[in-house]
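Shown below: model-v7.tsv, with TSV, C-alpha atoms.
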chain	number	residue	atom	x	y	z
A	1	MET	CA	119.39	165.33	-104.88
A	2	ILE	CA	120.92	161.91	-105.57
A	3	GLU	CA	119.06	158.90	-104.26
A	4	VAL	CA	121.70	156.24	-103.62
A	5	GLU	CA	119.67	153.06	-103.59
A	6	ALA	CA	119.62	149.31	-104.12
A	7	LYS	CA	116.79	146.81	-104.08
A	8	ALA	CA	116.68	143.06	-103.45
A	9	HIS	CA	113.91	140.54	-103.90
A	10	VAL	CA	113.32	138.31	-100.85
A	11	ASN	CA	110.93	135.40	-100.41
A	12	ASP	CA	109.74	136.48	-96.98
A	13	PHE	CA	110.62	139.08	-94.40
A	14	ASN	CA	110.97	136.81	-91.33
A	15	SER	CA	114.74	136.39	-91.32
A	16	VAL	CA	115.24	140.04	-92.36
A	17	LEU	CA	113.08	141.24	-89.46
A	18	LYS	CA	115.19	139.17	-87.05
A	19	LYS	CA	118.45	140.61	-88.40
A	20	LEU	CA	117.06	144.19	-88.35
A	21	ASN	CA	116.37	143.66	-84.67
A	22	GLU	CA	119.84	142.21	-84.08
A	23	ILE	CA	121.68	145.15	-85.70
A	24	GLY	CA	119.47	147.65	-83.85
A	25	ALA	CA	117.64	149.19	-86.81
A	26	GLU	CA	114.83	151.44	-85.64
A	27	GLU	CA	111.33	150.78	-86.98
A	28	VAL	CA	109.77	154.11	-88.05
A	29	LYS	CA	106.42	153.51	-89.73
A	30	THR	CA	104.27	151.30	-91.93
A	31	GLU	CA	102.43	152.98	-94.80
A	32	HIS	CA	100.19	152.08	-97.68
A	33	GLN	CA	101.42	153.70	-100.92
A	34	LYS	CA	99.62	153.97	-104.23
A	35	ASP	CA	101.86	155.13	-107.06
A	36	THR	CA	100.78	156.25	-110.50
A	37	TYR	CA	103.54	156.36	-113.11
A	38	PHE	CA	103.16	158.61	-116.14
A	39	ASN	CA	104.71	158.34	-119.57
A	40	ASN	CA	104.72	160.35	-122.79
A	41	LEU	CA	105.31	158.08	-125.77
A	42	GLU	CA	105.08	160.86	-128.35
A	43	TYR	CA	107.65	163.11	-126.66
A	44	ARG	CA	109.86	161.13	-124.30
A	45	ASP	CA	109.36	157.43	-123.64
A	46	PHE	CA	110.56	156.99	-120.06
A	47	GLU	CA	111.06	153.27	-120.60
A	48	LYS	CA	113.77	154.12	-123.14
A	49	SER	CA	115.14	157.19	-121.36
A	50	ASP	CA	115.25	155.35	-117.98
A	51	GLU	CA	113.42	158.22	-116.29
A	52	ALA	CA	110.27	158.14	-114.19
A	53	LEU	CA	107.47	160.55	-113.34
A	54	ARG	CA	105.27	159.50	-110.46
A	55	ILE	CA	102.46	160.69	-108.20
A	56	ARG	CA	102.63	158.86	-104.85
A	57	ASN	CA	99.60	158.81	-102.58
A	58	THR	CA	100.55	157.70	-99.06
A	59	ALA	CA	97.70	157.00	-96.65
A	60	LEU	CA	98.49	158.59	-93.27
A	61	ASN	CA	97.29	157.36	-89.88
A	62	ASP	CA	95.03	160.40	-89.36
A	63	GLY	CA	92.96	159.44	-92.42
A	64	THR	CA	94.49	162.06	-94.71
A	65	SER	CA	96.90	161.43	-97.58
A	66	GLN	CA	100.31	162.78	-98.43
A	67	ILE	CA	100.72	163.37	-102.16
A	68	ILE	CA	104.20	163.61	-103.65
A	69	LEU	CA	105.17	164.36	-107.25
A	70	THR	CA	108.54	162.81	-108.14
A	71	TYR	CA	110.86	162.92	-111.12
A	72	LYS	CA	113.64	160.31	-111.33
A	73	GLY	CA	116.53	160.64	-113.74
A	74	PRO	CA	118.35	157.76	-115.44
A	75	LYS	CA	120.35	155.34	-113.27
A	76	LEU	CA	123.90	156.56	-112.70
A	77	ASP	CA	125.86	153.31	-112.37
A	78	ASP	CA	125.71	149.62	-113.30
A	79	ILE	CA	125.22	148.01	-109.90
A	80	SER	CA	122.66	150.07	-107.96
A	81	LYS	CA	119.51	152.04	-108.65
A	82	THR	CA	121.23	155.33	-107.76
A	83	ARG	CA	119.71	158.27	-109.65
A	84	LYS	CA	118.77	161.91	-109.45
A	85	GLU	CA	115.45	162.40	-107.72
A	86	ILE	CA	113.35	165.57	-107.36
A	87	GLU	CA	110.30	165.56	-105.12
A	88	VAL	CA	107.62	168.07	-104.29
A	89	SER	CA	104.66	167.70	-102.00
A	90	VAL	CA	101.40	168.66	-103.75
A	91	GLU	CA	97.96	169.42	-102.40
A	92	ASP	CA	95.97	167.17	-104.66
A	93	ALA	CA	96.63	164.03	-106.72
A	94	LYS	CA	93.74	164.54	-109.11
A	95	ASN	CA	94.67	168.04	-110.32
A	96	THR	CA	98.38	167.19	-110.43
A	97	GLY	CA	97.49	164.24	-112.67
A	98	LEU	CA	95.25	166.42	-114.85
A	99	ILE	CA	98.07	168.96	-115.33
A	100	LEU	CA	100.50	166.17	-116.34
A	101	GLU	CA	97.89	164.73	-118.73
A	102	SER	CA	97.30	168.17	-120.27
A	103	LEU	CA	101.05	168.31	-120.93
A	104	GLY	CA	100.88	164.94	-122.70
A	105	PHE	CA	102.03	162.69	-119.84
A	106	LYS	CA	99.50	159.86	-119.51
A	107	PRO	CA	99.05	157.40	-116.62
A	108	ALA	CA	101.00	154.28	-117.64
A	109	ALA	CA	100.72	152.03	-114.57
A	110	ASN	CA	99.77	151.85	-110.91
A	111	VAL	CA	101.94	150.26	-108.25
A	112	GLU	CA	100.53	149.58	-104.80
A	113	LYS	CA	102.50	148.46	-101.76
A	114	GLU	CA	102.77	148.26	-98.01
A	115	ARG	CA	106.06	149.75	-96.89
A	116	THR	CA	107.61	149.40	-93.45
A	117	THR	CA	110.51	151.77	-92.93
A	118	TYR	CA	113.54	151.31	-90.67
A	119	LEU	CA	116.43	153.64	-89.92
A	120	PHE	CA	119.96	152.26	-89.61
A	121	GLU	CA	122.79	154.75	-89.31
A	122	GLU	CA	122.20	157.23	-92.13
A	123	PHE	CA	120.34	154.72	-94.27
A	124	ILE	CA	116.63	154.09	-94.80
A	125	ILE	CA	115.68	150.43	-95.08
A	126	SER	CA	112.24	149.70	-96.57
A	127	LEU	CA	110.44	146.36	-96.46
A	128	ASP	CA	108.04	146.53	-99.39
A	129	ASN	CA	105.19	144.16	-100.07
A	130	VAL	CA	104.44	145.16	-103.65
A	131	HIS	CA	101.04	143.96	-104.82
A	132	LYS	CA	101.25	141.44	-107.70
A	133	VAL	CA	105.06	141.61	-107.67
A	134	GLY	CA	106.45	140.36	-104.36
A	135	ASN	CA	108.58	141.29	-101.36
A	136	PHE	CA	111.55	143.58	-101.64
A	137	VAL	CA	114.10	145.17	-99.31
A	138	GLU	CA	115.27	148.62	-100.44
A	139	ILE	CA	118.19	150.40	-98.80
A	140	GLU	CA	118.79	154.03	-99.64
A	141	LYS	CA	120.46	157.27	-98.67
A	142	GLY	CA	119.86	160.78	-100.00
A	143	MET	CA	123.02	162.59	-101.04
A	144	VAL	CA	123.81	166.02	-102.44
A	145	GLU	CA	124.66	166.22	-106.14
A	146	GLY	CA	128.42	166.20	-106.67
A	147	GLU	CA	129.10	164.16	-103.50
A	148	ASP	CA	130.90	160.86	-104.08
A	149	PHE	CA	128.26	158.18	-103.68
A	150	LYS	CA	130.46	155.10	-104.26
A	151	GLU	CA	131.24	154.69	-100.56
A	152	ALA	CA	127.52	154.83	-99.74
A	153	ILE	CA	126.84	152.08	-102.28
A	154	ASP	CA	129.50	149.88	-100.69
A	155	LYS	CA	127.92	150.47	-97.28
A	156	ILE	CA	124.48	149.60	-98.65
A	157	PHE	CA	125.76	146.21	-99.83
A	158	GLU	CA	127.46	145.68	-96.43
A	159	ILE	CA	124.08	146.26	-94.76
A	160	TYR	CA	122.43	143.75	-97.11
A	161	LYS	CA	125.09	141.26	-95.97
A	162	LYS	CA	124.29	141.98	-92.33
A	163	LEU	CA	120.62	141.31	-93.14
A	164	GLY	CA	121.56	137.94	-94.67
A	165	ILE	CA	120.72	139.12	-98.19
A	166	GLU	CA	123.43	138.18	-100.69
A	167	GLU	CA	121.38	137.58	-103.81
A	168	GLY	CA	118.15	138.66	-105.46
A	169	PHE	CA	119.44	142.16	-106.24
A	170	GLU	CA	117.12	143.80	-108.69
A	171	ARG	CA	117.82	146.85	-110.83
A	172	ARG	CA	114.60	146.60	-112.77
A	173	SER	CA	111.78	148.92	-111.75
A	174	TYR	CA	108.45	147.62	-110.48
A	175	LEU	CA	107.00	148.64	-113.85
A	176	GLU	CA	109.47	146.34	-115.59
A	177	LEU	CA	108.81	143.56	-113.10
A	178	MET	CA	105.05	143.97	-113.63
A	179	GLY	CA	105.50	143.65	-117.38
A	180	VAL	CA	104.28	147.20	-118.04
A	181	TYR	CA	107.69	147.86	-119.50
A	182	LYS	CA	109.13	145.06	-121.61
A	183	SER	CA	112.76	144.91	-120.44
B	1	MET	CA	87.40	174.00	-114.39
B	2	ILE	CA	86.64	176.81	-116.82
B	3	GLU	CA	87.98	180.23	-115.98
B	4	VAL	CA	85.57	182.71	-117.58
B	5	GLU	CA	87.63	185.86	-117.76
B	6	ALA	CA	88.24	189.16	-119.49
B	7	LYS	CA	90.96	191.75	-119.07
B	8	ALA	CA	91.10	195.47	-119.80
B	9	HIS	CA	93.97	197.91	-119.81
B	10	VAL	CA	93.33	201.11	-117.79
B	11	ASN	CA	95.49	204.17	-117.38
B	12	ASP	CA	94.92	204.48	-113.66
B	13	PHE	CA	92.78	202.88	-110.99
B	14	ASN	CA	91.26	206.05	-109.43
B	15	SER	CA	87.93	206.12	-111.26
B	16	VAL	CA	87.66	202.30	-111.06
B	17	LEU	CA	88.17	202.38	-107.29
B	18	LYS	CA	85.39	204.98	-106.97
B	19	LYS	CA	82.98	202.87	-109.04
B	20	LEU	CA	83.88	199.69	-107.13
B	21	ASN	CA	82.91	201.52	-103.96
B	22	GLU	CA	79.67	202.78	-105.55
B	23	ILE	CA	78.51	199.31	-106.68
B	24	GLY	CA	79.42	197.82	-103.30
B	25	ALA	CA	82.25	195.49	-104.39
B	26	GLU	CA	84.05	194.03	-101.38
B	27	GLU	CA	87.82	194.48	-101.14
B	28	VAL	CA	89.40	191.16	-100.18
B	29	LYS	CA	93.19	191.42	-100.27
B	30	THR	CA	96.28	192.90	-101.89
B	31	GLU	CA	99.03	190.50	-102.83
B	32	HIS	CA	102.41	190.51	-104.51
B	33	GLN	CA	102.63	187.78	-107.15
B	34	LYS	CA	105.70	186.50	-108.98
B	35	ASP	CA	104.87	184.24	-111.90
B	36	THR	CA	107.28	182.09	-113.87
B	37	TYR	CA	105.98	180.84	-117.21
B	38	PHE	CA	107.48	177.71	-118.75
B	39	ASN	CA	107.67	176.63	-122.37
B	40	ASN	CA	108.91	173.63	-124.31
B	41	LEU	CA	109.93	174.65	-127.81
B	42	GLU	CA	111.04	171.18	-128.86
B	43	TYR	CA	107.81	169.46	-127.85
B	44	ARG	CA	104.96	171.94	-127.58
B	45	ASP	CA	105.42	175.65	-128.10
B	46	PHE	CA	102.79	177.22	-125.84
B	47	GLU	CA	102.89	180.45	-127.82
B	48	LYS	CA	101.54	178.52	-130.83
B	49	SER	CA	99.26	176.18	-128.89
B	50	ASP	CA	97.82	179.07	-126.81
B	51	GLU	CA	98.44	177.15	-123.59
B	52	ALA	CA	100.32	178.23	-120.48
B	53	LEU	CA	102.23	176.51	-117.69
B	54	ARG	CA	102.99	178.68	-114.71
B	55	ILE	CA	104.38	178.61	-111.17
B	56	ARG	CA	102.89	181.46	-109.14
B	57	ASN	CA	104.56	182.58	-105.92
B	58	THR	CA	102.24	184.77	-103.85
B	59	ALA	CA	103.76	186.49	-100.81
B	60	LEU	CA	101.40	186.13	-97.83
B	61	ASN	CA	101.06	188.55	-94.96
B	62	ASP	CA	102.55	186.10	-92.44
B	63	GLY	CA	105.86	186.10	-94.36
B	64	THR	CA	105.29	182.73	-96.02
B	65	SER	CA	104.49	182.11	-99.68
B	66	GLN	CA	101.73	180.27	-101.43
B	67	ILE	CA	102.99	178.39	-104.48
B	68	ILE	CA	100.53	177.33	-107.19
B	69	LEU	CA	101.23	175.29	-110.32
B	70	THR	CA	98.75	176.14	-113.09
B	71	TYR	CA	98.01	174.79	-116.54
B	72	LYS	CA	95.85	176.90	-118.88
B	73	GLY	CA	94.33	175.51	-122.05
B	74	PRO	CA	93.71	177.44	-125.28
B	75	LYS	CA	91.17	180.29	-125.23
B	76	LEU	CA	87.64	179.03	-125.91
B	77	ASP	CA	86.04	182.02	-127.65
B	78	ASP	CA	86.90	185.14	-129.64
B	79	ILE	CA	85.95	187.86	-127.20
B	80	SER	CA	87.16	186.86	-123.73
B	81	LYS	CA	90.11	185.05	-122.20
B	82	THR	CA	87.92	182.14	-121.09
B	83	ARG	CA	89.85	178.88	-120.93
B	84	LYS	CA	90.30	175.63	-119.07
B	85	GLU	CA	92.44	176.07	-115.99
B	86	ILE	CA	93.89	173.43	-113.65
B	87	GLU	CA	95.61	174.48	-110.44
B	88	VAL	CA	97.39	172.66	-107.67
B	89	SER	CA	99.05	174.05	-104.59
B	90	VAL	CA	102.63	172.82	-104.26
B	91	GLU	CA	105.04	172.89	-101.32
B	92	ASP	CA	108.01	174.37	-103.08
B	93	ALA	CA	108.60	176.52	-106.18
B	94	LYS	CA	112.21	175.43	-106.66
B	95	ASN	CA	111.63	171.69	-106.85
B	96	THR	CA	108.45	172.12	-108.90
B	97	GLY	CA	110.47	174.15	-111.39
B	98	LEU	CA	113.27	171.56	-111.41
B	99	ILE	CA	110.77	168.79	-112.19
B	100	LEU	CA	109.29	170.83	-115.06
B	101	GLU	CA	112.80	171.54	-116.38
B	102	SER	CA	113.73	167.85	-116.17
B	103	LEU	CA	110.66	167.18	-118.35
B	104	GLY	CA	111.90	169.71	-120.91
B	105	PHE	CA	109.81	172.73	-119.85
B	106	LYS	CA	112.14	175.68	-119.43
B	107	PRO	CA	111.46	179.03	-117.73
B	108	ALA	CA	110.46	181.43	-120.53
B	109	ALA	CA	109.53	184.61	-118.67
B	110	ASN	CA	108.76	186.15	-115.29
B	111	VAL	CA	105.75	188.38	-114.63
B	112	GLU	CA	105.52	190.34	-111.41
B	113	LYS	CA	102.51	192.26	-110.16
B	114	GLU	CA	100.59	193.75	-107.26
B	115	ARG	CA	97.03	192.45	-107.31
B	116	THR	CA	94.14	193.85	-105.28
B	117	THR	CA	91.13	191.56	-105.32
B	118	TYR	CA	87.46	192.53	-104.98
B	119	LEU	CA	84.34	190.36	-104.83
B	120	PHE	CA	81.18	191.45	-106.63
B	121	GLU	CA	78.29	189.00	-106.78
B	122	GLU	CA	79.88	185.74	-107.98
B	123	PHE	CA	82.72	187.51	-109.79
B	124	ILE	CA	86.31	188.21	-108.80
B	125	ILE	CA	87.60	191.61	-109.88
B	126	SER	CA	91.38	192.07	-109.82
B	127	LEU	CA	93.23	195.37	-110.10
B	128	ASP	CA	96.67	194.42	-111.39
B	129	ASN	CA	99.71	196.64	-111.47
B	130	VAL	CA	101.90	194.53	-113.74
B	131	HIS	CA	105.55	195.55	-113.59
B	132	LYS	CA	106.88	196.84	-116.95
B	133	VAL	CA	103.45	196.37	-118.58
B	134	GLY	CA	100.85	198.58	-116.91
B	135	ASN	CA	97.52	198.57	-115.06
B	136	PHE	CA	94.80	196.07	-115.83
B	137	VAL	CA	91.35	195.19	-114.50
B	138	GLU	CA	90.52	191.49	-114.75
B	139	ILE	CA	87.04	190.14	-114.07
B	140	GLU	CA	86.56	186.39	-113.75
B	141	LYS	CA	84.35	183.58	-112.57
B	142	GLY	CA	85.20	179.89	-112.17
B	143	MET	CA	82.68	177.57	-113.81
B	144	VAL	CA	82.33	173.83	-114.11
B	145	GLU	CA	83.20	172.26	-117.46
B	146	GLY	CA	80.08	171.78	-119.58
B	147	GLU	CA	78.24	174.75	-118.00
B	148	ASP	CA	77.17	177.45	-120.43
B	149	PHE	CA	79.57	180.33	-119.86
B	150	LYS	CA	78.13	182.80	-122.41
B	151	GLU	CA	75.83	184.39	-119.83
B	152	ALA	CA	78.76	184.87	-117.46
B	153	ILE	CA	80.74	186.60	-120.22
B	154	ASP	CA	77.82	188.97	-120.85
B	155	LYS	CA	77.68	189.76	-117.14
B	156	ILE	CA	81.42	190.38	-117.05
B	157	PHE	CA	81.11	193.03	-119.77
B	158	GLU	CA	78.12	194.57	-117.91
B	159	ILE	CA	80.33	194.90	-114.82
B	160	TYR	CA	83.06	196.57	-116.90
B	161	LYS	CA	80.39	199.06	-118.03
B	162	LYS	CA	79.44	199.71	-114.41
B	163	LEU	CA	83.11	200.38	-113.67
B	164	GLY	CA	83.24	202.89	-116.55
B	165	ILE	CA	85.47	200.64	-118.65
B	166	GLU	CA	84.26	200.40	-122.24
B	167	GLU	CA	87.53	200.06	-124.11
B	168	GLY	CA	91.06	198.76	-123.64
B	169	PHE	CA	89.97	195.11	-123.64
B	170	GLU	CA	92.98	192.92	-124.05
B	171	ARG	CA	93.04	189.26	-125.06
B	172	ARG	CA	96.80	189.10	-125.31
B	173	SER	CA	98.68	187.54	-122.41
B	174	TYR	CA	101.17	189.49	-120.32
B	175	LEU	CA	103.90	187.49	-122.09
B	176	GLU	CA	102.66	188.81	-125.43
B	177	LEU	CA	102.38	192.33	-124.04
B	178	MET	CA	105.91	192.09	-122.65
B	179	GLY	CA	107.22	191.03	-126.06
B	180	VAL	CA	108.32	187.61	-124.82
B	181	TYR	CA	105.88	186.18	-127.33
B	182	LYS	CA	105.75	187.94	-130.68
B	183	SER	CA	102.00	188.13	-131.37

Can you dump the structure from the file as structure tokens?
Amino acid sequence: MIEVEAKAHVNDFNSVLKKLNEIGAEEVKTEHQKDTYFNNLEYRDFEKSDEALRIRNTALNDGTSQIILTYKGPKLDDISKTRKEIEVSVEDAKNTGLILESLGFKPAANVEKERTTYLFEEFIISLDNVHKVGNFVEIEKGMVEGEDFKEAIDKIFEIYKKLGIEEGFERRSYLELMGVYKS
Amino acid sequence: MIEVEAKAHVNDFNSVLKKLNEIGAEEVKTEHQKDTYFNNLEYRDFEKSDEALRIRNTALNDGTSQIILTYKGPKLDDISKTRKEIEVSVEDAKNTGLILESLGFKPAANVEKERTTYLFEEFIISLDNVHKVGNFVEIEKGMVEGEDFKEAIDKIFEIYKKLGIEEGFERRSYLELMGVYKS
């Protein structure tokens, strides 16, 4: 599926939280996520190909974890972070990582964050406190491949406006922002 | 972990079933398994590297499926099929396959079989009716990496003897036997 998505850096969440309340966005959950990104420099350098391969470990309230393996394709336009995304839930982070490593994909970086998720219309709004990087507001919508996603991108930027966010838009990945990737 | 394993071709299962009963092996289950093997000719040809990457879809009695992603390393000796094996249960065969394909690993062949599993001491004995290939008896034991697996291999061949199987041992994979791989 296509993940229509944009991201903006914000200094703090206080004014955003107030606006989320004003527009009636529904708070869903707060989660702690640990992401491990993999890369394969000898076969396909994802920094150059603008792809990503990630194992996400989300701590759940019942003490267990949800583990998701995700592939992200290159970004599809020049203004958002919209891209193809394929996800599958896996039983175990360790063995999934060992299989990727056996195939030549090595752990390249870890990203850790607290994410609070809101729903507004058909959009998911995430307030991310990314360790060592900063605070970000992501707005996204999952769409079927082939659907026209331009309208959804326009709506995403309208929602940013409603949240008082008109600058700080960031197309670089957290890996780039952390300096793991150069550009 | 290390999968200590051997495989033998048999013409029919009748005499094996009688011997399994005589030695007191415990019948566990019969399952229908559909395996899809992946390969990546431009990066790592698993036929040459003697590795395997597989999605196994096992139909369960309750109508659901169990999906397992497996990586197998090269064979570790000259007499058995013993090799490193890493498995992880995944939620969905389709998306797992799409992720592998996005990484350049394409479906190379399908193998379908009925497998009846027996337990005998610490060994798993499988009677496999492999579609378009034939009948095989596999005997295996999972061991921790670093453990000495030579004794287990000796025991496996003793069990074959007890089952009346003294020839037909087969180190080639089902893909080789099906002619998908040349050798």

Excluding Thr70 (chain A) and its own-chain neighbours fewer than 5 positions away, which residues fall within 12 Å of it when counting all atoms listed in the file? Please give them as JSON, numbers by chain. {"A": [1, 3, 35, 36, 37, 38, 51, 52, 53, 54, 55, 56, 57, 84, 85, 86, 87, 88, 89, 90, 96, 100], "B": [95, 96, 97, 98, 99, 100, 102, 103]}

Of the candidates A:Leu41, A:Glu47, A:Leu69, A:Glu91, which shows the shortest atom-to-atom distance to chain B, using only C-alpha atoms?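 The shortest atom-to-atom distance to chain B comes from A:Glu91.
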
Around (119.4, 142.5, -89.7), as given in the file, which residues come within 9 Å? Count all atoms listed in the file and list them as a PyMOL selection string. chain A and resi 15-25+159-164

Skip Asn61 (chain B) itself and residues of its chain fewer than 2 positions away, then list as a VMD selection string all residues within 10 Å of it, counting only C-alpha atoms. chain B and resid 29 to 32 58 to 59 63 to 65

Pick from A:Val4, A:Leu175, A:Val180, A:Ile125, whichever lies nearest to Ser80 (chain A) using only C-alpha atoms: A:Val4

Would you kindly return, as JSON, numbers by chain, each protein, DNA or RNA residue with an atom no farther than 10 Å from any atom of Lys132 (chain B), considering all atoms listed in the file and excluding same-chain residues fewer than 6 positions away? {"B": [111, 112, 113, 174, 177, 178]}
